[in-house]
Structures are given as structure tokens and as C-alpha cells.
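This report concerns only the one structure given below.
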Amino acid sequence: MSILNFLRGSKTASFTAQAIADHLKGEVEGNPDIIVSSPARIEYSKADSLCFLANPKYEKYLYTTKAAVVLINKDFELKAPVSCTLVRVDNAYEGIASVLELFEASKSSNRRGREPFSFISSKSKYGKNCYIGAFAYIDKGARLGKNVKVYPHVYIGENVTVGDHTVLFSGVKIYADCVIGAGCILHAGSVIGADGFGFAFGADGRYKKIPQTGNVIIEDNVEIGANSTVDRATMGSTIIHSGTKLDNMVQIAHNAEIGQDTVIAAQTGIAGSTKIGQRCRIAGQVGIIGHLEIGNEVNVGAKTGITNNVDDGKSMLGFPAMEASKYRRSFAVFRNLPELRNEVEALKKIVAKREENL
Amino acid sequence: MSILNFLRGSKTASFTAQAIADHLKGEVEGNPDIIVSSPARIEYSKADSLCFLANPKYEKYLYTTKAAVVLINKDFELKAPVSCTLVRVDNAYEGIASVLELFEASKSSNRRGREPFSFISSKSKYGKNCYIGAFAYIDKGARLGKNVKVYPHVYIGENVTVGDHTVLFSGVKIYADCVIGAGCILHAGSVIGADGFGFAFGADGRYKKIPQTGNVIIEDNVEIGANSTVDRATMGSTIIHSGTKLDNMVQIAHNAEIGQDTVIAAQTGIAGSTKIGQRCRIAGQVGIIGHLEIGNEVNVGAKTGITNNVDDGKSMLGFPAMEASKYRRSFAVFRNLPELRNEVEALKKIVAKREENL
Amino acid sequence: MSILNFLRGSKTASFTAQAIADHLKGEVEGNPDIIVSSPARIEYSKADSLCFLANPKYEKYLYTTKAAVVLINKDFELKAPVSCTLVRVDNAYEGIASVLELFEASKSSNRRGREPFSFISSKSKYGKNCYIGAFAYIDKGARLGKNVKVYPHVYIGENVTVGDHTVLFSGVKIYADCVIGAGCILHAGSVIGADGFGFAFGADGRYKKIPQTGNVIIEDNVEIGANSTVDRATMGSTIIHSGTKLDNMVQIAHNAEIGQDTVIAAQTGIAGSTKIGQRCRIAGQVGIIGHLEIGNEVNVGAKTGITNNVDDGKSMLGFPAMEASKYRRSFAVFRNLPELRNEVEALKKIVAKREENL
């Protein structure tokens, strides 16, 4: 028996359409008293669902949805009648984010206090209202701010600093001497401060480890995805600046520096000593080699491999990376390379024949 | 001193060639009483080994192997004499799988009961014959079926459900509200239900987190590889349907849905809200962008990057992905692009000369 | 407030320029008595820093650095005056590695003994001077050598062997029967011995698990990066030979064999049964498909996908991989494919016109 229909979304709280509209400064079109208790994607909606429509790919579901309420842009023109109540807002995508916060806030996950079986060195300190889960390990010299959440199985090494309100989910590992800012979220299994990958190839044909004596500094409001790794510097610091968000399984090598408010999608790797600017958008499975400088507001498409410095504002694609529009034009020809080759072959024959006849 | 020769395979039990043949409904060619106690690859076999030959690349080892017994297809024609005993079966590859189960069953790893230092909320429940390892954490509201194995350092969040006979290896982390089916195997370090990567870029130039209020549903008989990550949905559920197998370090983003009996090899990433059909075969290091629909029985070659919907039964390759045969034809020309360019240059010269002479 | 300027590098010990020079058999140029207490990258140096210059990209910093001492090659010619003291050595890059060891040795991280809340089976053994951290789990039959460091949250399965002086960082998971050599370093979250990805597609359209009965053997002096995975063999052993170094998130599939003194950068995956030679250098995000033989001293560029055997000493690039120089030549034409196509179009028109006129 399939469990597919079990728990598609979890009920958390209930709101009327009017309450949602008031919260978002929007307008109700339909029944203002209808109640929603579960945010849901429009293609999977049920009678108590609140949905949204922002991506036109999903418009087809609007006319058949069972959802009680759909959040929609003010300027959206209906192409057919709908049976749901609409809440019209300036920006449905921003609106749903705000509504999700309403639902999230109604959950009471405000854990505090210390569970049994935690290991906290007497030479460490932590502030008020922290949660220290079972099997958490806090080594000597560590200093945690207030309202920090340390889930079970977290490892906090010697002299680590963690700022206020930061959440470390289960299994996060932070090596000695690293610094984590305030308001950060580190997801399960992420590893901060493991040794950078540095070896010297000796005259005897064997590799010798170069000690990695630096640390990692993660500034405020950074989010790090599950099973991501940020290596400690050989000397000095590997740095993630404030507001930057890393998805799952992102690799940041030793001495790299990631500018503020940059987003990096899953499975991307940044090699050693590379410096990335602010507000960059780096897609998934990208690789950027070491010792480069990437400017501000650079966009990097999925799977791109960057091998040279990139100026501010550029969009890059392909491997080795080219400007995205140029790469697309080359790739458009690549798609029909056999035809191009055949044309060249045909020309060769015609020209050769002509030359023979001369 | 090398430890290479230490423990190449572990001894578990002993069977005669005849017993193997009887079990597989095959025929013995050679000594039916010879004893094997260790399954091994044919190129590393020893006197007590049971090997198999399915891939023709390994045929050369058949004529020199020291193995006691080799499993081989009924229709396989020997090109030289062999010193081992053969057991001929309809399908040697399926046969070895069955024999490995024989050996596996002879191991007594049937752990039960609760080890010291485990943390089990009084508001959680688990069925008969479970194994709860040391340092396992089971939060309130969690419900585990019978015969579940929870290895050390597993984290099971609030309200998580785990079906009968499921095995959670050491260090698996399951966030709150997720649902794991029966007969599943989750390997060490896999993370289920971390927040999806959702942020809204604000007018102030900074990112704001979009709460990820949904969950993950993993249906029955799913296997998830080591250090893989399956993110919770923004709303509703991220779903892995029954019988599907993920290799190590596979990333499944929020609201993705993977059809049943699909296999996904290591280091592949599926972006948000993408829906993949049944019985697909997706190779390693593949990326599939968000909001796509991939049909049933689709084959995707290694390192492919899919950027558009794919119909049932297609084989895709390259980045951006093309039909595999078309990609191969284009790539064959790519290999010789310098020659093609030289031919064009030569033609240009001839034609230019001819034009001059007109 | 930014925490950027907090803890860029950590102070550990102090040395004079002369002491550094004596240690490296180098020569002081400047003040032999000046004191350094913190190794740092030249672009981030402070008054008490010891820096080095090996990569010419960083030469510009030499003339403006505030560092007390810079390590530099004997034959390096200054292009402007410097205010720092120089220590000239044969090889500045090897020199800095040696100096970092000096600083590292001055740290007292020599942990020993058993912390509370560790789980050690009475049927396991460990040698002298081991460190067993809190929440470490050592199952029956496990044998650890002397001076082994087992950090918190490490899982050591049944019958695992770990050699002398090996360090297992927090959260390392080693499944049953695996063998880890002496002098190894396994970083946080790495998983050794999870099941290989082996399933037989049945006549019923569903996958059946092939038991993975083998183990993993990791020889001496191997380093494995954070969150990397090395799967156990179906039969026999997956082997990492001595001196080999894996970066973070590297995937080694079942029955693969990696030769000694090979380095593999982050996010690379080696598929099943592939054998890689000695002293290979494999860059990041590389994929190598299964059942291949890669020779000794092979270089593989970033993001390369290898689909065929590779002979000793080759350099490979691209996907599907070609010899690196050949790939670069083809890619150079790819960059200008639209121009090539336009040239062919122009030629077609000229030739067609000519043909018309005949």
C-alpha cells in the first residue's frame, strides 16, 4: 500500500481568506470567510489548502483546483471562471513567503534548555535561552551566544565561537578555532573547518601534508545546506560573508572568500584561494578553479566550469566558461555540427570538380 | 608493509558446488563436491573462491583463475580448457546475486533491543524487535514500526514516521514531520528533510528566507545512499516513490517527485519541483533543472544537464542535453573541429583565388 | 557589525627570522631578530605575520606588505624595494609547509584517554595512548592500534581494524569488516563501507538488492576528505592504496581500486570496479565510469568525464574525455563556431552563384 496520500503537507494553523488578505494588504475576490489550514502547491491542493500562482507554467491548475484560496497577482487576468476564492496581491510569490511565515510562527518549536547526555566542557560558555540537544559536544574554549540551538550530535571544537540566534542542526561538525556569526543556520551534516586539501609532492614521490593552520569565518545570517563543507585556511581564514546562502553539498576550499548576499546552489565547488564578489548567483554543479577573482553580481549557469577571472555583472556558461550568450550561440551550431560538416564536404566536392575542370 | 592482501573478502559460510547448482537450478561441470567459502571477483580469486563471469571483459581471467567454482551462462562457449568447476545457469549475473544472499543470510547481524545512552522521547513509539543503537535520538511524536534498525547517532525528529523493517544506518538525520516507508535502507550520513533552498531577494538587496513548511515522503523499499540529501518541500511534500534507489551524494531538492523503480547514480542533483517518471535510469553527476517533467523509462547519461521536459523512453546526453544519438554525432564532429576549420580555410582560399581570376 | 576582522589566523607561537632561516637552511635579508607569531597569506598580512611568495600572481603584494617576514625563492629578483625582512630558501612553497609544521607542533592537541558517554564493546580492543571521544561507538570485534584518535560521534562497526596513529574526526562512520591502515586521517562525515549501488532489474519490473558482501581496505597514510564516501565491495574489497589523498565529497564506488600516491580533488566520482594507477592527479568534479583501467601518472582536468581506459602519463580533458591538448584545440574552434558557420554559408552562396553562372 502506498503512503503517498499520507501527510501531504502538515496542518499547522487556520486563517480566513480575509485574514490572509489583511496580512498582505491584498483584496479578496470570493468568500472572505473561507478557512485555510494548510499551504500547498496548486497541483496538489485539497479543500483546506491555500495556494499561490506566480509561475505561468502552473496556470492550468488554477481553473480546476480544489483549493479554498489562491494567492494571485493583482494584474492577472483570468481566462476562465474559477471556483476558489482569490486573494489578489502585488506580488504573489512574495506574498506566499509572508504567509508561510505566518504558518511557521504558529508552530511552537522554540526549544530551550539542556537535554541529558550532552557533553559541555567546563571551560566553555553559552548564553541565555540556548538549546543543547542530547549527544551534543562542546569542547573547551568554545563560546556560544544567546538563543543558540545546538541539535543532537553537533560537534563544536576547541575555541569555536557561535553568534546569537544561530541554529546548528543535527550532526553539524565545527572544527577548532572556527567562528560562526549570529543568525546563521547550518543544516545537518555540514562540516566547517576540516583541513584544506594541501600536500607537497616530495622528491621521494610521495605527498607530504601541509598543515592547515588557519580557520573558517562565517559571518552573520549565512545559511549552509546539508552535508556542505567549508575547509579551514592553510593560513588566515576561509571566509563566507554575511547574508550568503549555500545549498546542500556545496564545497568551499581553503582560503576561498565568498562575498555577501551571494547564493550558491547544490553540488557546486569553489577551489582554493578564489574570491567571489557580492550578490552573485551561482547555479548547481558549478566548479570554479583556484586563485581566481569573480566580480560582483555575476551569474553562473548550471554545470559551468570557470577557469579565469570574471568581471562584475557578467553571465557565464559552459566549460571552459564563456559569456552565456556567446556559449549559447556556439552550442546552437554544435547541435547541428554533422550538417555543417556535410555542407563542407559537399562544397569540397563541388569546388574540387570545378578545379579539375579548369 | 602493505595490508592489501589482508581481508580481501570475508569468510562467512561454506557450500559445495552441487549445493550452489541446486540452489540456482543450474548444472555442475567438474567436481560437484568442491567447497567454496568466499564469493570473490574472478580477477582476485583464491582456492576457496566462488566467482562469476557475466561481463565478457573479464573472460580472460576464466582460463587462469584459481577459484574453486565459477558461475557462468549456460550458452557460454569455452575458448580454452579451465581448471575450475563450472556451475552453468541461465543468467550468471542474477545467479551471483542469489548466491550472495545465501552467504549474507549466514551472517548473524540480527540486532535487537536498546543500547545504553540512547535518547527516546516518552512521547514516541516503536514496534516489536527494533534495534535502537547507542546515541540514537528519537524525538516526541515519532512513530517507528516493528523490526526497525536505528543505528548509533541516528537523529529522528518530531513526528517522524518510519515503516516496518526499515534500516537507518549510523548518522542518518531525519528532520521533523518526514515519513519513511517500510523496507527502506537509508545509508550513513544521509539527511532527509533539511530546508529547501528558497530565498526571496528583497528590495534592500538582501535575501529573505522562505519558510519550508512541507515535509519529505519516502515510500516503501527505497534505498538512499550515504551522504545523500532530500530536502523538505516549501509546501506539501518532496516525494520518492516506492522501489526507487538513490546512490551516494544524490541531491533531491524541495518539492521534487521521483517516480517508482527509478535508479539515480552518485552525485546527481534534481532541482526543485521537477517530477521524474517511473523506471528511469539516471547516471552519475547528472543535473536536472527545476520545474521539469521527465517521462517514464528515460535514460540519462553521465554528466548530462537536462534543461527541458523529456518524453517517455528517451535517452539523453550532454549539456544542454540532446537525444543521446544526436549528441554523439555532434561530438564526433567536435573531436575533429580543427580539421573542419582547416578545410573551410582551404576552401576559402581556393574560392577567393577563383573569384580573383574571374 | 562584521566579524570579518576577528580571528584572521590564530596566534600559536613566536619565532625570529633567523630561527626560521636556520630551520630552513635559508638566508636572512633584513632584520634577523624580527619576530613572527602568525603565518598568513601575503595579501592579508599584519605586522607579526610570516608570509611566503611562490605564485607570481601574488608578487604585487610583496612590495606593500606589512608582514614582518616573507619567505621567498633564492633566485627571485626584486623589482622594487621591500620593507619586510626576507628569508631566502631554495623552494618557498616547500619552506612554508615546513614552517607551518613548526607552528602546528607548538599547539598542544595531543588528546588521550576516554571521555564519558563513549560506547566501547567489551569484545573490542584498542592500543596505548588512544583518544576516545564522547559519543564514540566501537562495536564488537573492532581492533584499534595505538595512538589512534577517535573523535566524538565516530561509529566503528563490527570487526573493523584501525591502524596506529590514525585520526578519525567527528562523525566518521566505518561499516563492519572494513580495514583502515596506520597514519591515516579521515575527516568529519566521511563514510567508509556503505553498500555499493548494486541492484538487479527483475522480470517484475522492480529492482532487487544485490548483497554487498565485501569490505573496504584503506592502506597506510591515506587522507580522506569531509563527507567523502567509499563503498564496500560486492565481493572482495574496494581498495585505496597507501599515500593516496581524497578531497571532500569524493565518491569511490564498490570494487574500485585507487593506486598509491594518487590525489583526487573534491566532488569527483569513481564508478564501480574501475582501477586507477599510481601518482595520478585527478581534479575536481571529474567522473570516471565503471570497469576501466587508468594508468599511472595520469592527469585528469576538472569536470572531465572518462569513458575509456587511459594509458600511463596521459593528460585528459572534457566529456567524453579526449587528450587535453586535442580537447583544447577543438574547444578553441567551438568558441567561434558561429563565425565558422557563417563562413560556410558565405562560401555556399559564392559557390552556388558560380555554379549558376556556368
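Naming scheme: A, B, ... for chains in displayed order of the C-alpha cells; residues 1 onward per chain; ligands 1 onward as shown.
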Discussion item. Please identify all residues of chain C having at least one atom at most 7 Å from any atom of chain A, considering only C-alpha atoms, and return them as an NGL selection string.
Written reply: :C and (2-4 or 8-10 or 39-41 or 94 or 97 or 100-101 or 104 or 135 or 153 or 170 or 187-189 or 226-227 or 243 or 247 or 261 or 334-338 or 344 or 348)
Discussion item. List the spatial neighbours of segment 58-73 of chain C as an NGL selection string - criterion: any atom at most 8 Å away, only C-alpha atoms, same-chain residues fewer than 4 positions off excluded.
Written reply: :C and (17 or 34-36 or 42-43 or 45-54 or 80-92 or 95-96)
Could those selected residues go to a file with C-alpha atoms, as a PDB file, in the first residue's frame?
ATOM      1  CA  ALA C  17      63.525  35.483  11.232  1.00  0.00           C
ATOM      2  CA  ILE C  34      62.340  40.421  13.986  1.00  0.00           C
ATOM      3  CA  ILE C  35      59.654  38.188  15.496  1.00  0.00           C
ATOM      4  CA  VAL C  36      56.746  36.461  13.730  1.00  0.00           C
ATOM      5  CA  ILE C  42      50.619  37.766   1.890  1.00  0.00           C
ATOM      6  CA  GLU C  43      47.500  39.704   0.861  1.00  0.00           C
ATOM      7  CA  SER C  45      49.346  40.050   6.377  1.00  0.00           C
ATOM      8  CA  LYS C  46      49.765  42.008   9.593  1.00  0.00           C
ATOM      9  CA  ALA C  47      52.836  43.281  11.484  1.00  0.00           C
ATOM     10  CA  ASP C  48      53.526  39.937  13.176  1.00  0.00           C
ATOM     11  CA  SER C  49      52.930  37.826  10.063  1.00  0.00           C
ATOM     12  CA  LEU C  50      55.184  35.334   8.361  1.00  0.00           C
ATOM     13  CA  CYS C  51      54.239  35.100   4.670  1.00  0.00           C
ATOM     14  CA  PHE C  52      55.576  33.391   1.584  1.00  0.00           C
ATOM     15  CA  LEU C  53      55.679  34.154  -2.117  1.00  0.00           C
ATOM     16  CA  ALA C  54      55.668  31.268  -4.580  1.00  0.00           C
ATOM     17  CA  ALA C  80      61.239  47.262  -6.203  1.00  0.00           C
ATOM     18  CA  PRO C  81      62.395  47.791  -2.609  1.00  0.00           C
ATOM     19  CA  VAL C  82      60.629  45.899   0.169  1.00  0.00           C
ATOM     20  CA  SER C  83      60.088  46.882   3.792  1.00  0.00           C
ATOM     21  CA  CYS C  84      59.844  43.356   5.146  1.00  0.00           C
ATOM     22  CA  THR C  85      62.646  41.020   6.091  1.00  0.00           C
ATOM     23  CA  LEU C  86      63.187  38.261   3.521  1.00  0.00           C
ATOM     24  CA  VAL C  87      64.166  34.691   4.231  1.00  0.00           C
ATOM     25  CA  ARG C  88      65.510  33.241   1.024  1.00  0.00           C
ATOM     26  CA  VAL C  89      65.245  29.470   0.512  1.00  0.00           C
ATOM     27  CA  ASP C  90      65.548  27.013  -2.354  1.00  0.00           C
ATOM     28  CA  ASN C  91      61.795  26.480  -2.584  1.00  0.00           C
ATOM     29  CA  ALA C  92      59.484  28.897  -0.788  1.00  0.00           C
ATOM     30  CA  GLY C  95      59.583  26.056   3.018  1.00  0.00           C
ATOM     31  CA  ILE C  96      56.246  27.382   4.162  1.00  0.00           C
TER      32      ILE C  96
END
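We find atom CA of Ile264 of chain B and atom CA of Ser325 of chain B to be spaced 21.1 Å apart.
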Item to complete: Compile the contact shell of Tyr131 of chain B as a list of chain:residue names: residues with an atom at most 7 Å away, counting only C-alpha atoms, same-chain residues fewer than 4 positions apart removed.
Response: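 Once the nearby chain positions are removed, what remains is B:Arg111, B:Arg112, B:Gly113, B:Arg114, B:Val148, B:Lys149, B:Val150.
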Using only C-alpha atoms, please write the residues we just selected to a file, as a short mmCIF file (atom, residue, chain, number, x, y, z; two decimals), in the first residue's frame.
data_model
loop_
_atom_site.label_atom_id
_atom_site.label_comp_id
_atom_site.auth_asym_id
_atom_site.auth_seq_id
_atom_site.Cartn_x
_atom_site.Cartn_y
_atom_site.Cartn_z
CA ARG B 111 20.44 -6.78 16.10
CA ARG B 112 17.61 -6.15 18.55
CA GLY B 113 16.94 -4.19 21.67
CA ARG B 114 18.06 -0.86 23.02
CA VAL B 148 13.23 -1.17 12.53
CA LYS B 149 17.02 -0.83 12.93
CA VAL B 150 18.18 2.52 14.25
#
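Atom pair atom CA of Ser315 of chain A / atom CA of Ala203 of chain B: separated by 21.6 Å.
Our summary of the geometry notes that atom CA of Cys130 of chain C is positioned 18.0 Å from atom CA of Asp139 of chain A.
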Discussion item. Residues of segment 114-302 of chain A classed as strand (DSSP E) by DSSP on the backbone are to be reported as an MDAnalysis selection string.
Written reply: chainID A and resid 114 119:120 125:126 131:132 137:138 143:144 149:150 155:156 161:162 167:168 173:174 179:180 185:186 191:192 199:201 207:209 215:218 223:224 229:230 237:240 245:246 251:252 257:258 263:264 269:270 275:276 281:282 287:288 293:294 299:300
Fill in: DSSP-assigned helix (DSSP H, G or I) members of segment 36-192 of chain C, reported as a PyMOL selection string
chain C and resi 42-44+56-62+92-105
Discussion item. Env of Glu293 of chain C: 10 Å cut, atoms = only C-alpha atoms, seq-sep filter 5 positions within chain, self excluded. Answer as a ChimeraX atom specification.
Written reply: /C:257,273-277,288,308-311
Worksheet item: If you count only C-alpha atoms, which residues fall within 8 Å of Val167 of chain C, apart from same-chain ones fewer than 2 positions away, as a ChimeraX atom specification?
Response: /C:148-151,165,169,183-186
Would you save the residues of that selection, restricted to C-alpha atoms, as an mmCIF file, in the first residue's frame?
data_model
loop_
_atom_site.group_PDB
_atom_site.id
_atom_site.type_symbol
_atom_site.label_atom_id
_atom_site.label_comp_id
_atom_site.auth_asym_id
_atom_site.auth_seq_id
_atom_site.Cartn_x
_atom_site.Cartn_y
_atom_site.Cartn_z
ATOM 1 C CA VAL C 148 44.520 6.323 17.489
ATOM 2 C CA LYS C 149 42.287 9.400 17.847
ATOM 3 C CA VAL C 150 38.567 8.679 17.757
ATOM 4 C CA TYR C 151 36.713 11.998 17.909
ATOM 5 C CA HIS C 165 48.310 6.868 14.776
ATOM 6 C CA PHE C 169 37.424 13.146 13.060
ATOM 7 C CA GLY C 183 48.777 7.062 9.850
ATOM 8 C CA CYS C 184 45.502 7.798 8.077
ATOM 9 C CA ILE C 185 43.326 10.900 8.551
ATOM 10 C CA LEU C 186 39.580 10.566 7.936
#
